[in-house]
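Enquirer: One structure coming up, written as structure tokens, with questions to follow.
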Amino acid sequence: MKSSTLNSKSILTVAESLLDSACHFTLGTETAPFAGGEYIIYSLESESKSRSICLRIPRDSTNPHVGFLVAQEAGVRRRIDAARIPLFQPLLFADPTADNELGETALNWITSKINRKIVRAKANTLPGGTVAECEDQKNLVAEYWIPELDTAPHVLVHGDLSGNNIIVADDDTFAVKSIIDLGWAELVPLQFAAVYPRFLTHEPDDGAVKFASRDTEQMREDRTFYLQCIQGRATREGGIALDYYRVLEREDEPSRYWWFTAASRIGIHKAMVSCGWAPFSITKEPEIEERP
């Protein structure tokens with residue numbers, strides 16, 4: 001459904017066809033739908049109030065990436081439903097407008113991401129990015145790709161897990177009731193899903209490109225503690241947990257993380273270009289010779 005053709009009648013028609021029941025809007029979304037960065041959300045329930053439904057419509061249905069994102073999220077949601085993972089609402093229906101499958105291997109996954117950037121750069125639709133810069137990133141695949149984990153399982157990554165997307169009970173327990181907004185969720189190859197929490201990733205300040213400036217003593221202590229926690233679990237469980245730990249303990253983990261993050265974040269792409277794709281390289285101060 002295109003956002004340009006939306007009205008209360010069309011929304012009701014879709015909801016009633018999915019629930020096979022007369023419906024009405026809830027939470028005031030008929031006139032004031034919830035709005036995120038990418039989607040508009042309508043909430044409805046059946047007249048008997050026995051079933052509820054949310055319809056999430058892309059803000060800009062003409063964006064060429066919308067179909068890919070919808071198809072990708074629908075695939076993630078179907079896997080969640082099949083695995084019976086709690087806290088997620090079941091997917092009733094999705095209508096993607098494009099069909100772009102991710103590669104099955106980790107190598108195909110990261111290469112396809114960079115190749116899509118190259119296509120955009122050639123079409124002058126990658127803001128602030130050039131073909132040469134994307135090719136420089138692609139040339140680093142051999143350095144950062146981990147062959148022995150190439151066919152390791154893909155794991156679910158929420159992509160935007162924050163307090164705004166965690167629904168808790170309205171009582172003293174604050175028990176987690178639901179996880180919402182999977183617009184950026186992905187099934188990511190293990191070697192690219194094994195990352196530190198975002199607040200431990202040397203995220204540059206707004207507009208800054210000096211990753212190393214965030215490498216404070218406190219940051220190093222916190223990262224060490226986090227890695228020790230992962231190591232303890234890896235020792236107990238082995239398997240994927242051990243592989244996860246081995247990726248995190250790599251000496252080049254910070255540079256590797258920002259390298260593959262730049263495949264999907266243009267701001268990080270620009271920051272990595274500005275430091276020659278070596279965010280933690282040390283440049284010696286020029287020596288000053290004493291003159292007699």
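Residue names in the structure tokens use chain letters A, B, ... in the order shown, residue numbers from 1 in each chain, and ligand numbers from 1 in the order shown.
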Just the residues within 7 Å of Lys113 of chain A, please, counting only C-alpha atoms, with nothing from its chain fewer than 4 positions along; format it as a list of chain:residue names.
Expert: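 These residues fall inside the cut-off: A:Trp109, A:Lys117, A:Ala263.
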Enquirer: Write out the residues from the selection above, keeping N, CA and C atoms, as a short mmCIF file (atom, residue, chain, number, x, y, z; two decimals), in the first residue's frame.
Expert:
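out35.cif, freshly written:
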```cif
data_model
loop_
_atom_site.label_atom_id
_atom_site.label_comp_id
_atom_site.auth_asym_id
_atom_site.auth_seq_id
_atom_site.Cartn_x
_atom_site.Cartn_y
_atom_site.Cartn_z
N TRP A 109 27.56 -11.90 1.93
CA TRP A 109 26.76 -10.91 2.66
C TRP A 109 27.46 -9.55 2.67
N LYS A 117 26.66 -0.31 -2.51
CA LYS A 117 27.19 1.05 -2.37
C LYS A 117 27.86 1.51 -3.67
N ALA A 263 29.70 -0.11 5.70
CA ALA A 263 28.97 -0.64 4.55
C ALA A 263 27.51 -0.23 4.56
#
```
Enquirer: Among the residues of segment 11-256 of chain A, find those DSSP assigns to strand (DSSP E) from the backbone and print them as an MDAnalysis selection string.
Expert: chainID A and resid 23:25 34:35 39:46 52:58 154:157 166:168 176:179 186:189
Enquirer: Show me, as a tab-separated table, the residues of segment 99-164 of chain A having an atom within 10 Å of segment 173-193 of chain A, each with the closest atom pair and its distance in Å, using only C-alpha atoms.
Expert:
```
residue	atom	partner	partner_atom	distance
A:Leu102	CA	A:Leu187	CA	9.4
A:Gly103	CA	A:Pro189	CA	9.8
A:Glu104	CA	A:Pro189	CA	8.5
A:Thr105	CA	A:Pro189	CA	7.3
A:Ala106	CA	A:Pro189	CA	5.4
A:Leu107	CA	A:Pro189	CA	9.1
A:Asn108	CA	A:Pro189	CA	10.0
A:Trp109	CA	A:Pro189	CA	7.6
A:Ile110	CA	A:Phe192	CA	8.6
A:Tyr144	CA	A:Gln191	CA	9.8
A:Trp145	CA	A:Gln191	CA	8.2
A:Ile146	CA	A:Gln191	CA	7.1
A:Pro147	CA	A:Gln191	CA	9.7
A:Glu148	CA	A:Gln191	CA	9.7
A:Leu149	CA	A:Gln191	CA	6.5
A:Asp150	CA	A:Gln191	CA	7.9
A:Thr151	CA	A:Pro189	CA	8.0
A:Ala152	CA	A:Leu190	CA	6.1
A:Pro153	CA	A:Leu190	CA	6.0
A:His154	CA	A:Pro189	CA	4.1
A:Val155	CA	A:Leu187	CA	5.1
A:Leu156	CA	A:Leu187	CA	4.7
A:Val157	CA	A:Glu186	CA	5.4
A:His158	CA	A:Ala185	CA	4.3
A:Gly159	CA	A:Trp184	CA	4.9
A:Asp160	CA	A:Trp184	CA	6.4
A:Leu161	CA	A:Ile179	CA	8.4
A:Ser162	CA	A:Ile179	CA	9.7
A:Gly163	CA	A:Ile179	CA	9.9
A:Asn164	CA	A:Ile180	CA	8.7
```
Enquirer: Quick one: everything within 10 Å of Glu249 of chain A, counting only C-alpha atoms, minus sequence neighbours fewer than 3 positions away in the same chain. Send it as a compact mmCIF listing (two decimals) with all heavy atoms, in the first residue's frame.
Expert:
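Result saved to out_37.txt:
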```txt
# COMPACT_ATOMS: atom_id res chain seq x y z
N THR A 224 37.09 -4.44 28.48
CA THR A 224 37.72 -5.62 29.07
C THR A 224 36.72 -6.39 29.93
O THR A 224 36.64 -7.63 29.86
CB THR A 224 38.93 -5.21 29.92
OG1 THR A 224 39.91 -4.60 29.09
CG2 THR A 224 39.55 -6.42 30.61
N LEU A 227 34.23 -8.17 27.67
CA LEU A 227 34.84 -9.33 27.03
C LEU A 227 34.99 -10.48 28.01
O LEU A 227 34.81 -11.65 27.65
CB LEU A 227 36.20 -8.94 26.44
CG LEU A 227 36.90 -10.02 25.61
CD1 LEU A 227 36.04 -10.42 24.41
CD2 LEU A 227 38.26 -9.53 25.14
N GLN A 228 35.29 -10.17 29.26
CA GLN A 228 35.41 -11.22 30.28
C GLN A 228 34.06 -11.90 30.50
O GLN A 228 34.00 -13.12 30.71
CB GLN A 228 35.92 -10.61 31.59
CG GLN A 228 37.39 -10.21 31.54
CD GLN A 228 37.82 -9.44 32.78
OE1 GLN A 228 36.99 -8.96 33.56
NE2 GLN A 228 39.14 -9.31 32.97
N ILE A 230 31.69 -12.23 28.24
CA ILE A 230 31.47 -13.08 27.07
C ILE A 230 32.35 -14.33 27.15
O ILE A 230 31.92 -15.44 26.81
CB ILE A 230 31.77 -12.30 25.77
CG1 ILE A 230 30.82 -11.10 25.63
CG2 ILE A 230 31.66 -13.22 24.56
CD1 ILE A 230 29.37 -11.48 25.53
N GLN A 231 33.58 -14.16 27.62
CA GLN A 231 34.49 -15.30 27.74
C GLN A 231 33.93 -16.34 28.71
O GLN A 231 34.00 -17.55 28.45
CB GLN A 231 35.86 -14.83 28.22
CG GLN A 231 36.89 -15.95 28.32
CD GLN A 231 38.22 -15.45 28.84
OE1 GLN A 231 38.29 -14.47 29.58
NE2 GLN A 231 39.30 -16.11 28.44
N TYR A 244 31.77 -16.39 18.92
CA TYR A 244 31.44 -14.98 19.19
C TYR A 244 32.58 -14.33 19.97
O TYR A 244 33.04 -13.23 19.64
CB TYR A 244 30.14 -14.94 19.99
CG TYR A 244 29.46 -13.60 20.09
CD1 TYR A 244 28.35 -13.31 19.31
CD2 TYR A 244 29.91 -12.62 20.98
CE1 TYR A 244 27.70 -12.09 19.41
CE2 TYR A 244 29.27 -11.40 21.08
CZ TYR A 244 28.17 -11.14 20.31
OH TYR A 244 27.53 -9.92 20.41
N TYR A 245 33.05 -15.02 20.99
CA TYR A 245 34.14 -14.50 21.82
C TYR A 245 35.42 -14.33 21.00
O TYR A 245 36.12 -13.32 21.12
CB TYR A 245 34.39 -15.43 23.00
CG TYR A 245 35.68 -15.14 23.74
CD1 TYR A 245 35.81 -14.01 24.54
CD2 TYR A 245 36.78 -15.99 23.60
CE1 TYR A 245 37.00 -13.73 25.20
CE2 TYR A 245 37.97 -15.72 24.26
CZ TYR A 245 38.08 -14.59 25.05
OH TYR A 245 39.25 -14.31 25.69
N ARG A 246 35.73 -15.29 20.17
CA ARG A 246 36.96 -15.23 19.39
C ARG A 246 36.96 -14.05 18.42
O ARG A 246 38.01 -13.47 18.14
CB ARG A 246 37.15 -16.55 18.63
CG ARG A 246 37.55 -17.71 19.54
CD ARG A 246 37.51 -19.03 18.82
NE ARG A 246 37.99 -20.12 19.67
CZ ARG A 246 37.81 -21.41 19.39
NH1 ARG A 246 37.15 -21.77 18.29
NH2 ARG A 246 38.28 -22.33 20.22
N ASP A 252 42.42 -6.62 15.99
CA ASP A 252 41.95 -5.60 15.05
C ASP A 252 40.44 -5.40 15.12
O ASP A 252 39.85 -4.79 14.22
CB ASP A 252 42.35 -5.97 13.62
CG ASP A 252 41.68 -7.26 13.13
OD1 ASP A 252 41.03 -7.95 13.94
OD2 ASP A 252 41.83 -7.59 11.94
N GLU A 253 39.80 -5.88 16.18
CA GLU A 253 38.33 -5.81 16.27
C GLU A 253 37.78 -4.40 16.08
O GLU A 253 36.81 -4.22 15.32
CB GLU A 253 37.86 -6.39 17.61
CG GLU A 253 36.35 -6.52 17.75
CD GLU A 253 35.65 -5.21 18.10
OE1 GLU A 253 36.30 -4.35 18.75
OE2 GLU A 253 34.48 -5.04 17.72
N PRO A 254 38.34 -3.36 16.72
CA PRO A 254 37.75 -2.02 16.53
C PRO A 254 37.78 -1.55 15.08
O PRO A 254 36.78 -1.07 14.55
CB PRO A 254 38.62 -1.13 17.42
CG PRO A 254 39.18 -2.05 18.46
CD PRO A 254 39.42 -3.33 17.72
```
Enquirer: Near Cys23 of chain A, within 9 Å and counting only C-alpha atoms, which residues show up once chain neighbours fewer than 3 positions away are dropped, as a compact mmCIF listing (two decimals) with N, CA, C and O atoms, in the first residue's frame?
Expert:
```txt
# COMPACT_ATOMS: atom_id res chain seq x y z
N LEU A 12 -8.84 0.67 7.17
CA LEU A 12 -9.85 -0.23 7.73
C LEU A 12 -10.06 -1.45 6.84
O LEU A 12 -10.20 -2.58 7.33
N THR A 13 -10.07 -1.23 5.55
CA THR A 13 -10.30 -2.33 4.62
C THR A 13 -9.22 -3.40 4.75
O THR A 13 -9.50 -4.60 4.79
N ALA A 15 -7.19 -3.90 7.39
CA ALA A 15 -7.26 -4.52 8.72
C ALA A 15 -8.40 -5.53 8.80
O ALA A 15 -8.23 -6.64 9.33
N GLU A 16 -9.55 -5.18 8.26
CA GLU A 16 -10.70 -6.08 8.33
C GLU A 16 -10.49 -7.33 7.48
O GLU A 16 -10.95 -8.42 7.84
N LEU A 19 -8.08 -9.55 9.66
CA LEU A 19 -8.69 -10.11 10.87
C LEU A 19 -10.02 -10.79 10.59
O LEU A 19 -10.58 -11.44 11.48
N LEU A 44 -5.34 -0.84 15.33
CA LEU A 44 -6.77 -1.14 15.23
C LEU A 44 -7.07 -2.40 16.03
O LEU A 44 -6.17 -3.18 16.36
N GLU A 45 -8.36 -2.60 16.32
CA GLU A 45 -8.78 -3.84 16.96
C GLU A 45 -10.15 -4.24 16.43
O GLU A 45 -10.89 -3.41 15.87
N SER A 46 -10.46 -5.52 16.57
CA SER A 46 -11.76 -6.01 16.11
C SER A 46 -12.86 -5.44 16.98
O SER A 46 -12.63 -5.00 18.12
N GLU A 47 -14.08 -5.42 16.44
CA GLU A 47 -15.20 -4.86 17.20
C GLU A 47 -15.43 -5.61 18.50
O GLU A 47 -15.88 -5.04 19.49
N SER A 48 -15.10 -6.89 18.52
CA SER A 48 -15.25 -7.67 19.75
C SER A 48 -14.12 -7.42 20.74
O SER A 48 -14.15 -7.92 21.86
N LYS A 49 -13.12 -6.66 20.30
CA LYS A 49 -11.93 -6.34 21.10
C LYS A 49 -11.13 -7.59 21.49
O LYS A 49 -10.35 -7.56 22.43
N SER A 52 -6.13 -7.56 18.08
CA SER A 52 -5.57 -6.25 17.73
C SER A 52 -4.59 -6.41 16.58
O SER A 52 -4.03 -7.49 16.36
```
Enquirer: Determine, counting only C-alpha atoms, which protein, DNA and RNA residues have an atom within 6 Å of an atom of segment 131-134 of chain A; residues of the same chain fewer than 3 positions away are not included. Present the result as a ChimeraX atom specification.
Expert: /A:118,121,137
Enquirer: For each of A:Trp258, A:Lys122, A:Pro127, A:Tyr196, take the minimum atom-to-atom distance to Cys229 of chain A, counting only C-alpha atoms, then give the residue where this is smallest.
Expert: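 Smallest distance to Cys229 of chain A is found for A:Tyr196.
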Enquirer: Rank nothing, just name the residue among A:Thr201, A:Thr31, A:Glu38, A:Phe211 nearest to Ser274 of chain A, using only C-alpha atoms.
Expert: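 Using only C-alpha atoms, Ser274 of chain A sits closest to A:Phe211.
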Enquirer: Just the residues within 9 Å of Leu55 of chain A, please, counting only C-alpha atoms, with nothing from its chain fewer than 6 positions along; format it as a list in words.
Expert: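 Counting only the stated atoms, we get Ile11, Val14, Ala15, Ile40, Ile41, Tyr42, Ser43 and Leu44 of chain A.
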Enquirer: Kindly save the residues from that selection, with all heavy atoms included, as a short mmCIF file (atom, residue, chain, number, x, y, z; two decimals), in the first residue's frame.
Expert:
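Output file out_9.cif is given in full below:
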```cif
data_model
loop_
_atom_site.label_atom_id
_atom_site.label_comp_id
_atom_site.auth_asym_id
_atom_site.auth_seq_id
_atom_site.Cartn_x
_atom_site.Cartn_y
_atom_site.Cartn_z
N ILE A 11 -7.25 1.92 5.22
CA ILE A 11 -6.62 1.24 6.35
C ILE A 11 -7.58 0.25 6.98
O ILE A 11 -7.23 -0.90 7.29
CB ILE A 11 -6.15 2.27 7.41
CG1 ILE A 11 -5.01 3.12 6.86
CG2 ILE A 11 -5.73 1.57 8.69
CD1 ILE A 11 -3.75 2.35 6.60
N VAL A 14 -7.97 -2.96 4.83
CA VAL A 14 -6.86 -3.90 4.98
C VAL A 14 -6.96 -4.64 6.31
O VAL A 14 -6.83 -5.87 6.37
CB VAL A 14 -5.51 -3.17 4.87
CG1 VAL A 14 -4.36 -4.12 5.19
CG2 VAL A 14 -5.33 -2.59 3.47
N ALA A 15 -7.19 -3.90 7.39
CA ALA A 15 -7.26 -4.52 8.72
C ALA A 15 -8.40 -5.53 8.80
O ALA A 15 -8.23 -6.64 9.33
CB ALA A 15 -7.43 -3.44 9.78
N ILE A 40 4.89 4.85 9.11
CA ILE A 40 3.70 5.36 9.78
C ILE A 40 2.95 4.14 10.31
O ILE A 40 2.80 3.14 9.60
CB ILE A 40 2.81 6.14 8.80
CG1 ILE A 40 3.59 7.32 8.21
CG2 ILE A 40 1.55 6.64 9.49
CD1 ILE A 40 2.86 8.00 7.05
N ILE A 41 2.47 4.22 11.55
CA ILE A 41 1.88 3.04 12.19
C ILE A 41 0.46 3.33 12.65
O ILE A 41 0.20 4.32 13.35
CB ILE A 41 2.73 2.60 13.40
CG1 ILE A 41 4.17 2.33 12.95
CG2 ILE A 41 2.13 1.36 14.06
CD1 ILE A 41 5.13 2.12 14.08
N TYR A 42 -0.47 2.44 12.26
CA TYR A 42 -1.87 2.54 12.65
C TYR A 42 -2.21 1.36 13.56
O TYR A 42 -1.80 0.23 13.30
CB TYR A 42 -2.78 2.52 11.42
CG TYR A 42 -2.59 3.71 10.51
CD1 TYR A 42 -1.61 3.70 9.52
CD2 TYR A 42 -3.39 4.84 10.65
CE1 TYR A 42 -1.43 4.79 8.69
CE2 TYR A 42 -3.21 5.94 9.81
CZ TYR A 42 -2.23 5.91 8.84
OH TYR A 42 -2.04 6.99 8.02
N SER A 43 -2.98 1.64 14.60
CA SER A 43 -3.40 0.60 15.54
C SER A 43 -4.91 0.42 15.46
O SER A 43 -5.66 1.40 15.50
CB SER A 43 -3.00 1.01 16.97
OG SER A 43 -3.49 0.08 17.91
N LEU A 44 -5.34 -0.84 15.33
CA LEU A 44 -6.77 -1.14 15.23
C LEU A 44 -7.07 -2.40 16.03
O LEU A 44 -6.17 -3.18 16.36
CB LEU A 44 -7.20 -1.35 13.77
CG LEU A 44 -6.91 -0.23 12.78
CD1 LEU A 44 -5.60 -0.49 12.04
CD2 LEU A 44 -8.06 -0.08 11.78
#
```
Enquirer: Using DSSP on the backbone coordinates, identify all residues within segment 61-280 of chain A classified as alpha helix (DSSP H); present the result as a ChimeraX atom specification.
Expert: /A:66-83,106-122,131-138,141-144,190-193,217-237,239-248,253-261,266-274
Enquirer: Counting only C-alpha atoms, which residue out of A:Ile85, A:Ala35, A:Ile240, A:Leu200 sits closest to Glu221 of chain A?
Expert: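 Residue with the minimum atom-to-atom distance to Glu221 of chain A: A:Leu200.
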